[in-house]
Structures are given as structure tokens and as C-alpha cells.
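**Student:** What follows is a structure written as C-alpha cells; I'll ask about it next.
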Amino acid sequence: MMVSVDLQVRSAELADKGRIADLIRSSPHVHRHLDWRYPLDWIGSPSFYLLEDRGRLLAALVCPPDPSAVVWVRLLAVAGGLPLNEAWQLLWEAARLDLSRQGNFTVAAIVLQEWFPALLQTSRFAKRQSIVMLERDDPSELGVSLRPGFSIRAMKASDLPAVTDVDAAAFAPLWRNSLPDLQQAFPQALLASVAEAQGRLIGYQLSTRNPLGMHLARLAVRPETQGRGVGYTLLADLIHQGGQRGIHHLTVNTQSDNAASLALYQRAGFHETGERYPVYQLQVP
């Protein structure tokens, strides 16, 4: 086991990019958030911390506010030989102090690695919910049409500010996509579409390609137009477009306590895969 001699925490700089990339590639313990942005894209933003021993990079923690009142743990990478708890405590304390000076934040982490919960619990994070994975592998279409006055079309880059507004209205702050998030997501989409009513954008979906088919990364409808079949029709249109491309396998995830979302996907023929990923949260300060 490595003996800690002169551990120091500092903010990451652009010149560190290559070393951070090497750390992510070589570390036996890496947590990465389910994110549109690669961890190195956050260099220069608040709360990107490095842990060094006499100039040797040993660990990194990335937890910038985005959206403004929400902080996701986007990266934790710890080199072999360094005790996980020691690295986490040093890095998280620096981040926590920085965040407490800025205001009030909800800090959260989606646990994808079995070693991560113990670290979070030592810092008083608590499990609040889980991410539920669902899939649909069926060539049949849903066969629905929009009500009069509604239309669906392909999303354009110029739609993204309005899409961000829909997202903010449809989701609690923790789950909202910021405009920079959506600007990163849009070019990565295989299919992205919007629903409109009287020229106003009221819903959208954004889906990506994966090795088995497609992943529905986001589906959102304005609250005042929910219950009118807009989300279901966006989903039906996505399944139709996927079928035209020979894609019939579709995955999606949602929160375990989002009953409306779970009911929508189950109605459309999705079933749970059995995969669930805990979500831990902490309020700072």
C-alpha cells in the first residue's frame, strides 16, 4: 500500500489535461457520471480538484454546479495503492468547502460502482431513489396519431433554448438538463424530435445509437399539456422512425419514484431489465 507522504489538493488547470486522461485510463477505481460531456471538458470550471503527492497525480474529483443549484459528482478517479477513503475525504472536503462558500446546493451521485456507496455514506450522503432501466425489443408500432392542433417534427439546433425551457418545466431541479448539456447532446443524437401546438414547443425526445439499437436519453412534455398523449405520441414516432432504420431494440431509464414515467413506458411495451442504480444525495451547506 502506498504511504501518503505529502498529499496536496489543488484545482485542475488546462496543462493537467494529459495527466488527468492518463489517470482516468489507468486507475482501478473510476466513477463517471452518466453525462453528455467527457470529464476533461470540465477543466476550468469550479470544483475540479486534483490530489498530488510531490507532483505525482493520484486522484481527481469533478463536481461543478450545473444547473446552478445542482451538483453531480461527475468524476472520481483514484490511482492504485492510495486508500480510497483517504483520497475521497481530502478531495470532497475541498469541494464541500468551496460549495458552502457559494451557496446552497443539492449534491448527488448515481452509483455505478460497488465501492462508491461506502465513500458517500462516510460523508453523510443518503440514498434517495434509484435509476430504473427498461427496454423494448418489439418490431410492432404503437399506431397512434396526434390530436388536431399538435404536430411533430425533427429538432433543430435553434430549438435548443425552447427545449431547455420544456425540460426545466417538466423535471425537478436535480434532473434538469442545462442548455450547455443539450448543446452537447444534440449533435450526438441519432433521432431528436419536438412536439408543437400553435407554434409553441411543448415536448421533445432525444435518442442516441447504442450497440443493440437506440437509447431514449430524454423525453419531456410541458406539465400543462401532459395527459393529452403528447409523450406517448413522441414515443410512437420514435419507434416508427427506428423501425424504418431497422432498429427495434430501445432502452430508457427513469427514476424509481416517477410513477407517471414508468406507467408510460410500460404502456408502450417496455419492461424493466432488473438493473437499478442508487442515487445518493446531500444538501450543502
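By convention in this document, the chains of the C-alpha cells carry letters A, B, ... by their order, each chain's residues are numbered from 1, and ligands are numbered from 1 in the order they are shown.
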Range 3-19 of chain A: which residues within 7 Å, counting only C-alpha atoms, same-chain residues fewer than 6 positions away excluded, as a list of chain:residue names?

**Tutor:**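 Final neighbour list, sorted by chain and number: A:Leu40, A:Ile43, A:Gly44, A:Phe48, A:Tyr49, A:Leu50, A:Leu51, A:Glu52, A:Asp53, A:Arg54, A:Leu91.
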
**Student:** How would the residues just chosen look if you wrote them out with N, CA and C atoms as an mmCIF file, in the first residue's frame?

**Tutor:**
data_model
loop_
_atom_site.group_PDB
_atom_site.id
_atom_site.type_symbol
_atom_site.label_atom_id
_atom_site.label_comp_id
_atom_site.auth_asym_id
_atom_site.auth_seq_id
_atom_site.Cartn_x
_atom_site.Cartn_y
_atom_site.Cartn_z
ATOM 1 N N LEU A 40 -12.903 15.625 -18.985
ATOM 2 C CA LEU A 40 -11.906 16.656 -19.271
ATOM 3 C C LEU A 40 -12.535 17.947 -19.776
ATOM 4 N N ILE A 43 -12.556 20.910 -17.228
ATOM 5 C CA ILE A 43 -11.372 21.636 -16.762
ATOM 6 C C ILE A 43 -11.599 23.135 -16.938
ATOM 7 N N GLY A 44 -11.324 23.878 -15.886
ATOM 8 C CA GLY A 44 -11.568 25.318 -15.910
ATOM 9 C C GLY A 44 -12.851 25.714 -15.217
ATOM 10 N N PHE A 48 -13.127 21.278 -9.787
ATOM 11 C CA PHE A 48 -12.352 20.220 -10.449
ATOM 12 C C PHE A 48 -11.038 20.160 -9.681
ATOM 13 N N TYR A 49 -10.925 19.139 -8.822
ATOM 14 C CA TYR A 49 -9.809 19.071 -7.887
ATOM 15 C C TYR A 49 -8.889 17.888 -8.181
ATOM 16 N N LEU A 50 -7.606 18.120 -7.947
ATOM 17 C CA LEU A 50 -6.583 17.079 -8.101
ATOM 18 C C LEU A 50 -5.906 16.839 -6.760
ATOM 19 N N LEU A 51 -5.522 15.580 -6.540
ATOM 20 C CA LEU A 51 -4.758 15.196 -5.351
ATOM 21 C C LEU A 51 -3.397 14.723 -5.811
ATOM 22 N N GLU A 52 -2.346 15.336 -5.287
ATOM 23 C CA GLU A 52 -0.981 15.028 -5.712
ATOM 24 C C GLU A 52 -0.096 14.693 -4.517
ATOM 25 N N ASP A 53 0.943 13.938 -4.790
ATOM 26 C CA ASP A 53 1.999 13.667 -3.816
ATOM 27 C C ASP A 53 3.317 14.058 -4.473
ATOM 28 N N ARG A 54 3.837 15.228 -4.071
ATOM 29 C CA ARG A 54 5.095 15.760 -4.636
ATOM 30 C C ARG A 54 5.060 15.776 -6.162
ATOM 31 N N LEU A 91 -10.373 15.154 -1.159
ATOM 32 C CA LEU A 91 -10.937 15.848 -2.311
ATOM 33 C C LEU A 91 -12.326 16.393 -2.007
#

**Student:** If we count only C-alpha atoms and set the cut-off at 7 Å, which residues sit around Val107 in chain A, ignoring sequence neighbours fewer than 6 positions away in its own chain? Please answer as a list in words.

**Tutor:** Val70, Val71, Trp72, Gln281, Leu282 and Gln283 of chain A

**Student:** Counting only C-alpha atoms, which residue out of A:Val279, A:Leu201, A:Leu119, A:Leu219 sits closest to Asp165 in chain A?

**Tutor:**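 Closest to Asp165 in chain A, using only C-alpha atoms: A:Leu201.
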
**Student:** Considering only strand (DSSP E or B) as DSSP defines it on the backbone, what residues of range 61-208 of chain A qualify? List them as an MDAnalysis selection string.

**Tutor:** chainID A and resid 61:62 65 70:72 75:78 105:110 126:137 150:154 191:197 200:208

**Student:** Find, counting only C-alpha atoms, the residue in A:Ala195, A:Ile152, A:Leu84, A:Ala157 that gets nearest to Thr225 in chain A.

**Tutor:**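 For Thr225 in chain A, the nearest of the given residues is A:Ala195.
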
**Student:** From the set A:Gln129, A:Gln121, A:Gln241, A:Gln266, which residue has the shortest atom-to-atom contact distance to Ala154 in chain A, counting only C-alpha atoms?

**Tutor:**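 Closest to Ala154 in chain A of all the choices is A:Gln241.
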
**Student:** Report as a count of residues only all protein, DNA and RNA residues lying within 7 Å of Val30 in chain A, evaluated on only C-alpha atoms, omitting residues in the same chain fewer than 6 positions from it.

**Tutor:** 4

**Student:** Can you tell me, as number ranges by chain, what residues are no more than 10 Å from range 248-259 of chain A when counting only C-alpha atoms, ignoring any on the same chain fewer than 3 positions away?

**Tutor:** A: 128-141, 175, 207-219, 238-245, 262-265, 270-273, 275-279

**Student:** Excluding Thr164 in chain A and any residue of its chain fewer than 2 positions from it, enumerate the residues within 8 Å of it, using only C-alpha atoms, and give them as a ChimeraX atom specification.

**Tutor:** /A:160-162,166-168,177-179,182

**Student:** From the options A:Pro285, A:Pro187, A:Ser123, A:Gly81, which residue's atoms come nearest to Asp98 in chain A, counting only C-alpha atoms?

**Tutor:**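 Smallest distance to Asp98 in chain A is found for A:Pro285.
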
**Student:** So that I can check the secondary structure, give me every residue of range 66-194 of chain A assigned helix (DSSP H, G or I) by backbone DSSP, as a ChimeraX atom specification.

**Tutor:** /A:84-102,116-122,157-170,173-175,179-188

**Student:** Output C-alpha atoms of each residue in that selection to a file, as a JSON list (two decimals), in the first residue's frame.

**Tutor:**
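This is the output file result26.json:
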[["chain", "number", "residue", "atom", "x", "y", "z"],
["A", 84, "LEU", "CA", -9.98, 5.17, -1.47],
["A", 85, "ASN", "CA", -11.35, 6.71, 1.70],
["A", 86, "GLU", "CA", -8.31, 8.94, 2.17],
["A", 87, "ALA", "CA", -8.47, 10.24, -1.41],
["A", 88, "TRP", "CA", -12.22, 10.84, -1.23],
["A", 89, "GLN", "CA", -12.11, 12.64, 2.12],
["A", 90, "LEU", "CA", -9.36, 15.03, 1.05],
["A", 91, "LEU", "CA", -10.94, 15.85, -2.31],
["A", 92, "TRP", "CA", -14.53, 16.04, -1.09],
["A", 93, "GLU", "CA", -13.63, 18.31, 1.83],
["A", 94, "ALA", "CA", -12.07, 20.80, -0.61],
["A", 95, "ALA", "CA", -15.14, 20.64, -2.85],
["A", 96, "ARG", "CA", -17.58, 20.89, 0.07],
["A", 97, "LEU", "CA", -15.89, 23.98, 1.48],
["A", 98, "ASP", "CA", -15.89, 25.62, -1.93],
["A", 99, "LEU", "CA", -19.57, 24.87, -2.48],
["A", 100, "SER", "CA", -20.55, 26.06, 1.01],
["A", 101, "ARG", "CA", -18.97, 29.43, 0.25],
["A", 102, "GLN", "CA", -21.01, 29.77, -2.94],
["A", 116, "PHE", "CA", -18.71, 4.03, -4.16],
["A", 117, "PRO", "CA", -21.63, 3.92, -1.64],
["A", 118, "ALA", "CA", -19.35, 3.40, 1.36],
["A", 119, "LEU", "CA", -17.41, 6.56, 0.48],
["A", 120, "LEU", "CA", -20.57, 8.61, 0.05],
["A", 121, "GLN", "CA", -22.02, 7.37, 3.33],
["A", 122, "THR", "CA", -18.91, 8.44, 5.27],
["A", 157, "ALA", "CA", -30.27, 23.42, -33.18],
["A", 158, "SER", "CA", -32.25, 26.66, -32.98],
["A", 159, "ASP", "CA", -34.88, 24.83, -30.89],
["A", 160, "LEU", "CA", -32.49, 24.18, -28.01],
["A", 161, "PRO", "CA", -33.36, 27.23, -25.86],
["A", 162, "ALA", "CA", -37.06, 26.31, -26.07],
["A", 163, "VAL", "CA", -36.20, 22.65, -25.44],
["A", 164, "THR", "CA", -34.31, 23.75, -22.30],
["A", 165, "ASP", "CA", -37.43, 25.60, -21.12],
["A", 166, "VAL", "CA", -39.55, 22.46, -21.62],
["A", 167, "ASP", "CA", -37.00, 20.40, -19.73],
["A", 168, "ALA", "CA", -36.96, 22.84, -16.80],
["A", 169, "ALA", "CA", -40.76, 22.84, -16.61],
["A", 170, "ALA", "CA", -41.06, 19.07, -16.81],
["A", 173, "PRO", "CA", -34.14, 20.76, -10.48],
["A", 174, "LEU", "CA", -31.99, 17.69, -9.82],
["A", 175, "TRP", "CA", -32.94, 16.12, -13.15],
["A", 179, "LEU", "CA", -28.64, 24.49, -22.19],
["A", 180, "PRO", "CA", -24.92, 23.54, -22.37],
["A", 181, "ASP", "CA", -25.92, 19.91, -21.68],
["A", 182, "LEU", "CA", -28.43, 19.93, -24.52],
["A", 183, "GLN", "CA", -25.97, 21.66, -26.84],
["A", 184, "GLN", "CA", -23.61, 18.74, -26.21],
["A", 185, "ALA", "CA", -26.39, 16.17, -26.54],
["A", 186, "PHE", "CA", -27.97, 17.33, -29.79],
["A", 187, "PRO", "CA", -25.03, 16.51, -32.12],
["A", 188, "GLN", "CA", -24.79, 13.06, -30.51]]

**Student:** Between CA of Val73 in chain A and CA of Trp115 in chain A, what is the distance, to one decimal in Å?

**Tutor:**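 CA of Val73 in chain A sits 14.7 Å away from CA of Trp115 in chain A.
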
**Student:** To one decimal in Å, tell me the separation between CA of Ala236 in chain A and CA of Leu142 in chain A.

**Tutor:**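 Computed distance, CA of Ala236 in chain A to CA of Leu142 in chain A, equals 5.4 Å.
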